[in-house]
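*Asks:* My structure file work38.txt, compact mmCIF, C-alpha atoms, is below:
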# COMPACT_ATOMS: atom_id res chain seq x y z
CA MET S 1 -146.48 160.41 -60.76
CA LYS S 2 -143.95 157.62 -60.33
CA THR S 3 -140.46 158.12 -61.74
CA ILE S 4 -139.94 154.34 -61.60
CA LYS S 5 -142.42 151.52 -62.23
CA TRP S 6 -142.05 147.74 -62.19
CA LYS S 7 -144.49 146.01 -64.53
CA GLU S 8 -144.49 142.48 -65.94
CA ASN S 9 -140.78 141.95 -65.26
CA ARG S 10 -139.89 145.21 -66.98
CA LEU S 11 -138.51 148.38 -65.42
CA LEU S 12 -140.14 151.58 -66.66
CA LEU S 13 -138.34 154.89 -66.10
CA ILE S 14 -139.53 158.39 -66.90
CA ASP S 15 -137.17 159.48 -69.67
CA GLN S 16 -135.85 162.68 -68.13
CA ARG S 17 -133.95 163.58 -71.29
CA LYS S 18 -137.30 164.45 -72.90
CA LEU S 19 -138.75 166.62 -70.14
CA PRO S 20 -140.35 169.12 -69.92
CA ASP S 21 -141.78 168.72 -73.43
CA LYS S 22 -142.66 165.01 -73.33
CA LEU S 23 -143.58 162.69 -70.48
CA GLU S 24 -142.54 159.25 -71.72
CA TYR S 25 -141.29 156.06 -70.10
CA PHE S 26 -138.12 154.22 -71.11
CA GLU S 27 -138.46 150.43 -70.92
CA CYS S 28 -135.64 148.29 -69.51
CA LYS S 29 -135.83 144.60 -70.40
CA ASP S 30 -132.45 143.63 -68.96
CA TYR S 31 -129.77 145.03 -66.67
CA LYS S 32 -127.78 146.51 -69.56
CA ASP S 33 -130.78 148.67 -70.46
CA VAL S 34 -130.72 150.02 -66.90
CA ILE S 35 -126.99 150.74 -67.12
CA PHE S 36 -127.64 152.68 -70.33
CA ALA S 37 -130.42 154.62 -68.59
CA ILE S 38 -128.19 155.51 -65.63
CA LYS S 39 -125.19 156.51 -67.73
CA ASN S 40 -127.23 158.59 -70.17
CA MET S 41 -129.37 160.43 -67.59
CA VAL S 42 -132.64 158.76 -68.51
CA VAL S 43 -132.86 158.30 -64.75
CA ARG S 44 -130.90 160.54 -62.38
CA GLY S 45 -130.82 161.64 -58.77
CA ALA S 46 -129.11 159.52 -56.13
CA PRO S 47 -132.20 157.80 -54.63
CA ALA S 48 -133.72 157.05 -58.06
CA ILE S 49 -130.40 155.71 -59.34
CA GLY S 50 -130.24 153.44 -56.30
CA VAL S 51 -133.73 152.04 -56.86
CA ALA S 52 -133.06 151.58 -60.58
CA ALA S 53 -129.81 149.78 -59.77
CA ALA S 54 -131.63 147.43 -57.40
CA PHE S 55 -134.03 146.49 -60.19
CA ALA S 56 -131.06 146.07 -62.55
CA VAL S 57 -129.75 143.34 -60.24
CA ALA S 58 -133.23 141.80 -60.18
CA LEU S 59 -133.36 141.82 -63.99
CA ALA S 60 -129.93 140.18 -64.15
CA ASP S 61 -131.21 137.46 -61.84
CA LEU S 62 -134.43 136.96 -63.84
CA THR S 63 -132.49 136.66 -67.10
CA ASN S 64 -129.96 134.22 -65.57
CA GLU S 65 -126.93 136.50 -65.90
CA ASP S 66 -123.76 136.15 -63.88
CA LEU S 67 -124.91 138.23 -60.88
CA GLU S 68 -121.46 139.16 -59.58
CA LYS S 69 -120.35 140.34 -63.02
CA ALA S 70 -123.59 142.24 -63.62
CA ALA S 71 -123.38 143.86 -60.18
CA GLU S 72 -119.88 145.22 -60.89
CA GLU S 73 -121.04 146.66 -64.21
CA ILE S 74 -124.03 148.30 -62.54
CA LYS S 75 -121.92 149.78 -59.73
CA ASN S 76 -119.51 151.26 -62.27
CA SER S 77 -122.23 153.00 -64.29
CA ARG S 78 -121.85 156.22 -62.28
CA PRO S 79 -119.19 156.55 -59.60
CA THR S 80 -120.27 159.39 -57.29
CA ALA S 81 -123.74 158.54 -55.94
CA ILE S 82 -123.31 156.18 -52.98
CA ASN S 83 -126.95 155.03 -53.19
CA LEU S 84 -126.10 153.06 -56.33
CA GLN S 85 -123.45 150.94 -54.60
CA TRP S 86 -125.61 150.56 -51.47
CA ALA S 87 -128.62 149.32 -53.44
CA VAL S 88 -126.61 146.89 -55.58
CA GLU S 89 -124.88 145.33 -52.58
CA ARG S 90 -128.11 145.06 -50.60
CA THR S 91 -130.00 143.45 -53.50
CA LEU S 92 -127.13 141.14 -54.39
CA SER S 93 -126.95 139.77 -50.85
CA SER S 94 -130.65 138.92 -50.77
CA ASP S 95 -132.11 135.46 -51.40
CA SER S 96 -134.65 137.11 -53.71
CA PRO S 97 -133.22 140.13 -55.58
CA LEU S 98 -136.63 141.09 -56.97
CA GLU S 99 -138.30 141.08 -53.56
CA GLU S 100 -135.41 143.14 -52.16
CA ALA S 101 -135.63 145.63 -55.04
CA LEU S 102 -139.35 146.03 -54.38
CA ARG S 103 -138.63 146.63 -50.69
CA ILE S 104 -136.11 149.35 -51.59
CA TYR S 105 -138.73 150.84 -53.93
CA TRP S 106 -141.41 151.09 -51.24
CA GLU S 107 -138.93 152.24 -48.59
CA ASP S 108 -137.91 155.14 -50.82
CA MET S 109 -141.47 156.46 -50.86
CA GLU S 110 -141.76 156.22 -47.08
CA THR S 111 -138.34 157.77 -46.58
CA THR S 112 -138.91 160.83 -48.75
CA ARG S 113 -142.20 161.62 -47.01
CA ALA S 114 -140.49 161.42 -43.63
CA ILE S 115 -137.73 163.74 -44.87
CA GLY S 116 -140.42 166.13 -46.07
CA GLU S 117 -142.19 166.27 -42.72
CA HIS S 118 -138.99 166.75 -40.71
CA GLY S 119 -137.82 169.46 -43.09
CA ALA S 120 -141.15 171.26 -43.24
CA ALA S 121 -140.76 172.14 -39.56
CA LEU S 122 -137.73 174.27 -40.52
CA ILE S 123 -139.71 176.29 -43.06
CA ASP S 124 -141.46 179.49 -42.02
CA ASP S 125 -144.68 180.74 -43.57
CA GLY S 126 -143.76 183.11 -46.39
CA ASP S 127 -140.24 181.75 -46.97
CA THR S 128 -138.57 182.02 -50.36
CA ILE S 129 -136.40 178.94 -50.87
CA LEU S 130 -133.56 178.50 -53.34
CA THR S 131 -132.95 174.99 -54.64
CA HIS S 132 -130.26 173.66 -56.95
CA CYS S 133 -130.51 170.92 -59.59
CA ASN S 134 -133.48 168.57 -59.12
CA ALA S 135 -133.95 166.78 -55.82
CA GLY S 136 -137.64 166.19 -56.35
CA ALA S 137 -139.95 163.36 -57.34
CA LEU S 138 -137.87 162.82 -60.47
CA ALA S 139 -134.79 162.13 -58.34
CA CYS S 140 -136.61 159.49 -56.26
CA VAL S 141 -139.48 157.06 -56.79
CA ASP S 142 -141.76 160.00 -56.06
CA TYR S 143 -142.14 163.06 -53.75
CA GLY S 144 -138.47 164.03 -53.44
CA THR S 145 -135.89 165.11 -50.87
CA ALA S 146 -135.24 168.86 -51.13
CA LEU S 147 -138.45 169.38 -53.10
CA GLY S 148 -140.13 166.93 -50.73
CA VAL S 149 -139.44 169.40 -47.90
CA ILE S 150 -140.97 172.18 -49.99
CA ARG S 151 -143.96 169.98 -50.92
CA ALA S 152 -144.58 169.08 -47.29
CA ALA S 153 -144.42 172.72 -46.18
CA HIS S 154 -146.83 173.67 -48.99
CA ASN S 155 -149.19 170.81 -48.12
CA ASN S 156 -149.11 171.89 -44.47
CA GLY S 157 -150.51 175.26 -45.47
CA LYS S 158 -147.32 177.33 -45.47
CA HIS S 159 -147.05 179.93 -48.20
CA VAL S 160 -143.68 179.18 -49.74
CA LYS S 161 -142.11 180.45 -52.93
CA VAL S 162 -139.26 178.74 -54.75
CA ILE S 163 -136.33 180.01 -56.78
CA CYS S 164 -134.81 177.37 -59.07
CA ASP S 165 -131.47 177.97 -60.68
CA GLU S 166 -131.12 176.54 -64.18
CA THR S 167 -128.29 174.13 -63.15
CA ARG S 168 -125.98 174.03 -66.13
CA PRO S 169 -124.91 172.15 -68.09
CA LEU S 170 -127.97 169.88 -68.33
CA GLY S 171 -130.56 172.27 -66.91
CA GLN S 172 -132.12 169.99 -64.29
CA GLY S 173 -133.39 173.01 -62.37
CA ALA S 174 -134.95 174.63 -65.42
CA ARG S 175 -136.24 171.49 -67.12
CA LEU S 176 -137.20 169.32 -64.15
CA SER S 177 -137.64 171.22 -60.88
CA VAL S 178 -139.66 174.04 -62.43
CA TRP S 179 -141.81 171.45 -64.22
CA GLU S 180 -142.48 169.56 -60.97
CA LEU S 181 -143.33 172.67 -58.96
CA GLN S 182 -145.64 174.03 -61.63
CA ARG S 183 -147.53 170.71 -61.64
CA ASP S 184 -148.05 171.13 -57.88
CA ASN S 185 -149.06 174.81 -58.18
CA ILE S 186 -146.18 175.90 -55.96
CA PRO S 187 -145.01 179.42 -56.90
CA VAL S 188 -141.65 179.17 -58.66
CA LYS S 189 -139.29 181.46 -60.57
CA LEU S 190 -136.25 180.49 -62.63
CA ILE S 191 -132.86 182.20 -62.49
CA VAL S 192 -129.51 181.67 -64.19
CA ASP S 193 -126.99 179.94 -61.95
CA SER S 194 -124.89 183.06 -61.48
CA ALA S 195 -127.83 185.09 -60.09
CA ALA S 196 -128.10 183.15 -56.81
CA GLY S 197 -125.48 185.21 -54.95
CA TYR S 198 -127.07 188.48 -56.07
CA LEU S 199 -130.49 187.44 -54.77
CA MET S 200 -128.99 186.49 -51.41
CA GLN S 201 -127.17 189.81 -51.26
CA GLN S 202 -130.51 191.54 -51.87
CA GLY S 203 -132.16 189.58 -49.02
CA LYS S 204 -134.51 187.79 -51.38
CA ILE S 205 -133.62 184.22 -50.33
CA ASP S 206 -134.64 182.97 -46.86
CA LYS S 207 -133.27 179.44 -47.04
CA VAL S 208 -131.38 177.10 -49.37
CA ILE S 209 -132.28 173.41 -49.62
CA ILE S 210 -130.38 170.98 -51.84
CA GLY S 211 -130.16 167.21 -52.16
CA ALA S 212 -126.99 165.11 -52.02
CA ASP S 213 -125.29 162.33 -53.96
CA ARG S 214 -122.97 161.38 -51.13
CA ILE S 215 -122.61 162.50 -47.50
CA ALA S 216 -119.35 161.53 -45.85
CA ARG S 217 -116.99 162.76 -43.17
CA GLY S 218 -116.28 166.41 -43.84
CA GLY S 219 -119.05 167.34 -46.20
CA VAL S 220 -121.47 166.59 -49.02
CA ALA S 221 -121.01 165.85 -52.71
CA ASN S 222 -123.78 167.27 -54.85
CA LYS S 223 -124.44 168.63 -58.32
CA ILE S 224 -121.76 171.00 -59.57
CA GLY S 225 -122.54 174.54 -58.46
CA SER S 226 -123.61 173.57 -54.94
CA LEU S 227 -120.33 174.87 -53.47
CA MET S 228 -120.76 178.35 -54.92
CA ILE S 229 -124.28 178.58 -53.51
CA ALA S 230 -123.08 177.42 -50.09
CA LEU S 231 -120.32 180.03 -50.06
CA ALA S 232 -122.78 182.80 -50.93
CA ALA S 233 -125.23 181.56 -48.29
CA GLU S 234 -122.49 181.65 -45.65
CA ARG S 235 -121.49 185.18 -46.67
CA PHE S 236 -125.04 186.53 -46.48
CA GLY S 237 -126.31 184.56 -43.49
CA VAL S 238 -128.77 182.31 -45.34
CA PRO S 239 -129.39 178.87 -43.74
CA PHE S 240 -128.12 176.10 -46.02
CA TYR S 241 -129.82 172.71 -45.65
CA VAL S 242 -129.14 169.34 -47.25
CA ALA S 243 -132.04 166.85 -47.53
CA ALA S 244 -131.10 163.20 -48.10
CA PRO S 245 -131.91 159.66 -46.93
CA SER S 246 -129.62 157.58 -44.75
CA SER S 247 -128.69 155.51 -47.82
CA THR S 248 -126.73 158.54 -49.06
CA PHE S 249 -124.38 158.46 -46.05
CA ASP S 250 -120.86 157.05 -46.24
CA GLU S 251 -119.61 157.56 -42.70
CA GLU S 252 -116.52 155.38 -43.11
CA ASN S 253 -114.78 157.64 -45.61
CA SER S 254 -113.79 161.25 -46.10
CA ILE S 255 -115.88 163.21 -48.57
CA TYR S 256 -112.60 164.20 -50.23
CA ASP S 257 -112.03 160.56 -51.21
CA THR S 258 -115.15 160.70 -53.39
CA ILE S 259 -114.62 160.02 -57.08
CA ILE S 260 -116.00 163.07 -58.86
CA GLU S 261 -117.49 162.02 -62.17
CA GLU S 262 -116.14 163.83 -65.23
CA ARG S 263 -118.69 163.84 -68.02
CA GLY S 264 -118.28 164.40 -71.74
CA PRO S 265 -117.54 167.80 -73.33
CA ASP S 266 -120.65 167.95 -75.49
CA GLU S 267 -122.80 168.64 -72.42
CA VAL S 268 -120.98 171.97 -72.13
CA LEU S 269 -120.38 172.70 -75.80
CA TYR S 270 -124.04 172.22 -76.76
CA TYR S 271 -127.28 173.40 -75.18
CA GLY S 272 -130.65 172.33 -76.49
CA GLY S 273 -128.89 170.73 -79.45
CA CYS S 274 -127.17 173.99 -80.42
CA ARG S 275 -123.41 174.49 -80.23
CA ILE S 276 -122.62 177.49 -78.00
CA ALA S 277 -118.81 177.52 -78.16
CA PRO S 278 -116.21 177.50 -80.95
CA ARG S 279 -115.36 174.14 -82.46
CA ASP S 280 -112.51 172.22 -80.77
CA THR S 281 -112.95 174.11 -77.49
CA GLN S 282 -111.39 172.19 -74.59
CA VAL S 283 -113.77 171.50 -71.72
CA ILE S 284 -113.64 170.62 -68.01
CA ASN S 285 -116.97 169.09 -66.99
CA PRO S 286 -117.12 167.76 -63.40
CA ALA S 287 -120.63 166.58 -62.58
CA PHE S 288 -120.36 167.25 -58.83
CA ASP S 289 -118.57 169.39 -56.28
CA ILE S 290 -118.05 169.18 -52.52
CA VAL S 291 -119.67 171.38 -49.87
CA PRO S 292 -117.62 171.29 -46.64
CA SER S 293 -119.51 170.57 -43.43
CA ASP S 294 -118.84 174.00 -41.96
CA LEU S 295 -120.97 175.57 -44.71
CA ILE S 296 -123.96 173.32 -43.97
CA THR S 297 -126.53 174.40 -41.37
CA ALA S 298 -128.06 170.94 -40.95
CA ILE S 299 -128.91 167.72 -42.79
CA ILE S 300 -132.55 166.62 -43.03
CA THR S 301 -132.98 162.83 -43.00
CA GLU S 302 -135.89 160.43 -42.55
CA ASP S 303 -134.87 160.10 -38.89
CA GLY S 304 -134.80 163.82 -38.19
CA VAL S 305 -132.60 166.88 -38.55
CA ILE S 306 -128.93 166.30 -37.70
CA ASP S 307 -125.65 168.14 -37.68
CA PRO S 308 -123.24 167.64 -40.61
CA ILE S 309 -120.80 164.77 -40.12
As a first step, turn the structure in this file into structure tokens.
*Replies:*
Amino acid sequence: MKTIKWKENRLLLIDQRKLPDKLEYFECKDYKDVIFAIKNMVVRGAPAIGVAAAFAVALADLTNEDLEKAAEEIKNSRPTAINLQWAVERTLSSDSPLEEALRIYWEDMETTRAIGEHGAALIDDGDTILTHCNAGALACVDYGTALGVIRAAHNNGKHVKVICDETRPLGQGARLSVWELQRDNIPVKLIVDSAAGYLMQQGKIDKVIIGADRIARGGVANKIGSLMIALAAERFGVPFYVAAPSSTFDEENSIYDTIIEERGPDEVLYYGGCRIAPRDTQVINPAFDIVPSDLITAIITEDGVIDPI
């Protein structure tokens, strides 16, 4: 399964808005289609957004757009994930944007498998692992970061079980991570977000592994809810790992300088198309939060396992 495909000068993206019920691809004919896909969560997950953004630059070049203007629009499509800016700048600086986008595409597959193998060494046979949001194949070209670690451990013969929290408001854990793990026949159970601390208190979680949208000095920005899980893991002595490629690192800046994306109220007011709050309810809907470095046991990268920065 490939989240992203390049075919006949078209970018094809699994439409993650329709999962788990339908597996369909969304076709991007120009860079504005890719911007729509990124903004509207057709494609999501920092590595996948980066690869999609690289192909957006390539599409702009193929359709003779103003590349500098297109690049700025692409970079502004979502502000938090550093991979997006990294991929756009790398592709823009190349003599052949399409060839560079294809290189980024293939590198992503190699990188996630390396992350998986390094992380699998941290997993013990019989572990129950909690994961948050979706940092799997759907968040990359394929394989995944946090779920890539779990996949690698499973493929190496370790008997692992996974707990996925639902990850409100868009349910990436329930809709996407559970779907991926079931396809791979990896034992998985779903919980509501607020049950994670209770399970740790009961000694039913051995390790936590999440992905990241940005890693900078002082911590990690990841899907909203990551901070609460990290605090519970610290309280109950559960190792808390972050799995991410080097393209997610921003070592020049403080994590607290990260722009936290605020998304629209309907994501909170509605679930599955049904309104779940009174009309005219005011909403705060940050898409990400920040996990300080002192709550992180280690970061798993394609180059090995390192201390938080």
*Asks:* Record the distance separating atom CA of S:Pro20 and atom CA of S:Arg175, expressed in Å with one decimal.
*Replies:*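 Atom CA of S:Arg175 lies at a distance of 5.5 Å from atom CA of S:Pro20.
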*Asks:* From (-134.2, 174.5, -63.4), in the file's coordinates, out to 8 Å: which residues are reached, counting only C-alpha atoms? Answer as a PyMOL selection string.
*Replies:* chain S and resi 132-134+164-167+171-178+190-191
*Asks:* Would you mind telling me which residue in S:Phe236, S:Asn76, S:Ala216, S:Val268 lies nearest to S:Thr248 when using all atoms listed in the file?
*Replies:*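 Between S:Phe236, S:Asn76, S:Ala216, S:Val268, the residue approaching S:Thr248 most closely is S:Ala216.
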*Asks:* Any idea what's packed within 10 Å of S:Ile209, counting all atoms listed in the file, ignoring anything in its chain fewer than 3 positions away? Could you give it as number ranges by chain?
*Replies:* S: 119, 129-132, 135, 145-147, 149-150, 239-243, 298-300
*Asks:* Considering all atoms listed in the file, return as an mmCIF file with C-alpha atoms, in the frame of the given file whatever protein or nucleic-acid residues lie within 10 Å of S:Arg90, sequence-local ones (same chain, fewer than 2 positions apart) excluded.
*Replies:*
data_model
loop_
_atom_site.group_PDB
_atom_site.id
_atom_site.type_symbol
_atom_site.label_atom_id
_atom_site.label_comp_id
_atom_site.auth_asym_id
_atom_site.auth_seq_id
_atom_site.Cartn_x
_atom_site.Cartn_y
_atom_site.Cartn_z
ATOM 1 C CA ALA S 54 -131.630 147.430 -57.400
ATOM 2 C CA VAL S 57 -129.750 143.340 -60.240
ATOM 3 C CA GLN S 85 -123.450 150.940 -54.600
ATOM 4 C CA TRP S 86 -125.610 150.560 -51.470
ATOM 5 C CA ALA S 87 -128.620 149.320 -53.440
ATOM 6 C CA VAL S 88 -126.610 146.890 -55.580
ATOM 7 C CA LEU S 92 -127.130 141.140 -54.390
ATOM 8 C CA SER S 93 -126.950 139.770 -50.850
ATOM 9 C CA SER S 94 -130.650 138.920 -50.770
ATOM 10 C CA PRO S 97 -133.220 140.130 -55.580
ATOM 11 C CA GLU S 100 -135.410 143.140 -52.160
ATOM 12 C CA ALA S 101 -135.630 145.630 -55.040
ATOM 13 C CA ILE S 104 -136.110 149.350 -51.590
#
*Asks:* Can you pull out the residues contacting S:Val51? Cut-off 10 Å, using only C-alpha atoms, and skip same-chain residues under 6 positions away; I want them as a ChimeraX atom specification.
*Replies:* /S:4,83-84,86-88,91,101-108,140-141
*Asks:* Would you mind telling me which residue in S:Ala52, S:Leu231, S:Cys274, S:Ile82 lies nearest to S:Asp250 when using only C-alpha atoms?
*Replies:* S:Ile82
*Asks:* Given the choices S:Asp127, S:Ser246, S:Ile276, S:Val188, which gets closest to S:Lys204 if the distance is worked out from all atoms listed in the file?
*Replies:*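 When distances to S:Lys204 are compared using all atoms listed in the file, the smallest one comes from S:Asp127.
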*Asks:* For S:Val208, which residue among S:Leu122, S:Pro292, S:Asp257, S:Ala152 is the nearest when counting only C-alpha atoms?
*Replies:* S:Leu122
*Asks:* If I take atom CA of S:Ala195 and atom CA of S:Ala81, how far is one from the other in Å, to one decimal?
*Replies:*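 Rounded to one decimal, the two atoms are 27.2 Å apart.
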*Asks:* Would you compute the distance between atom CA of S:Ala114 and atom CA of S:Gly148? Give it in Å to one decimal.
*Replies:* 9.0 Å
*Asks:* Of the residues S:Ile35, S:Glu89, S:Gly273, S:Arg217, which is the one nearest to S:Arg17, using all atoms listed in the file?
*Replies:* S:Gly273
*Asks:* Find, counting all atoms listed in the file, the residue in S:Cys28, S:Leu19, S:Ala121, S:Ile255 that gets nearest to S:Lys7.
*Replies:* S:Cys28
*Asks:* List the neighbours of S:Ile284 out to 12 Å using all atoms listed in the file; skip same-chain residues closer than 5 positions along the sequence, and give me the result as a PyMOL selection string.
*Replies:* chain S and resi 169+224+261-269
*Asks:* Neighbouring residues of S:Leu59 were defined as those with any atom within 8 Å, considering only C-alpha atoms; residues of the same chain fewer than 5 positions away were excluded. Please report them as a PyMOL selection string.
*Replies:* chain S and resi 9-10+29-31+98
*Asks:* What residues have an atom no more than 8 Å from (-125.7, 169.4, -38.2) in the file's own frame, counting all atoms listed in the file, and can you write them as a ChimeraX atom specification?
*Replies:* /S:296-299,305-309
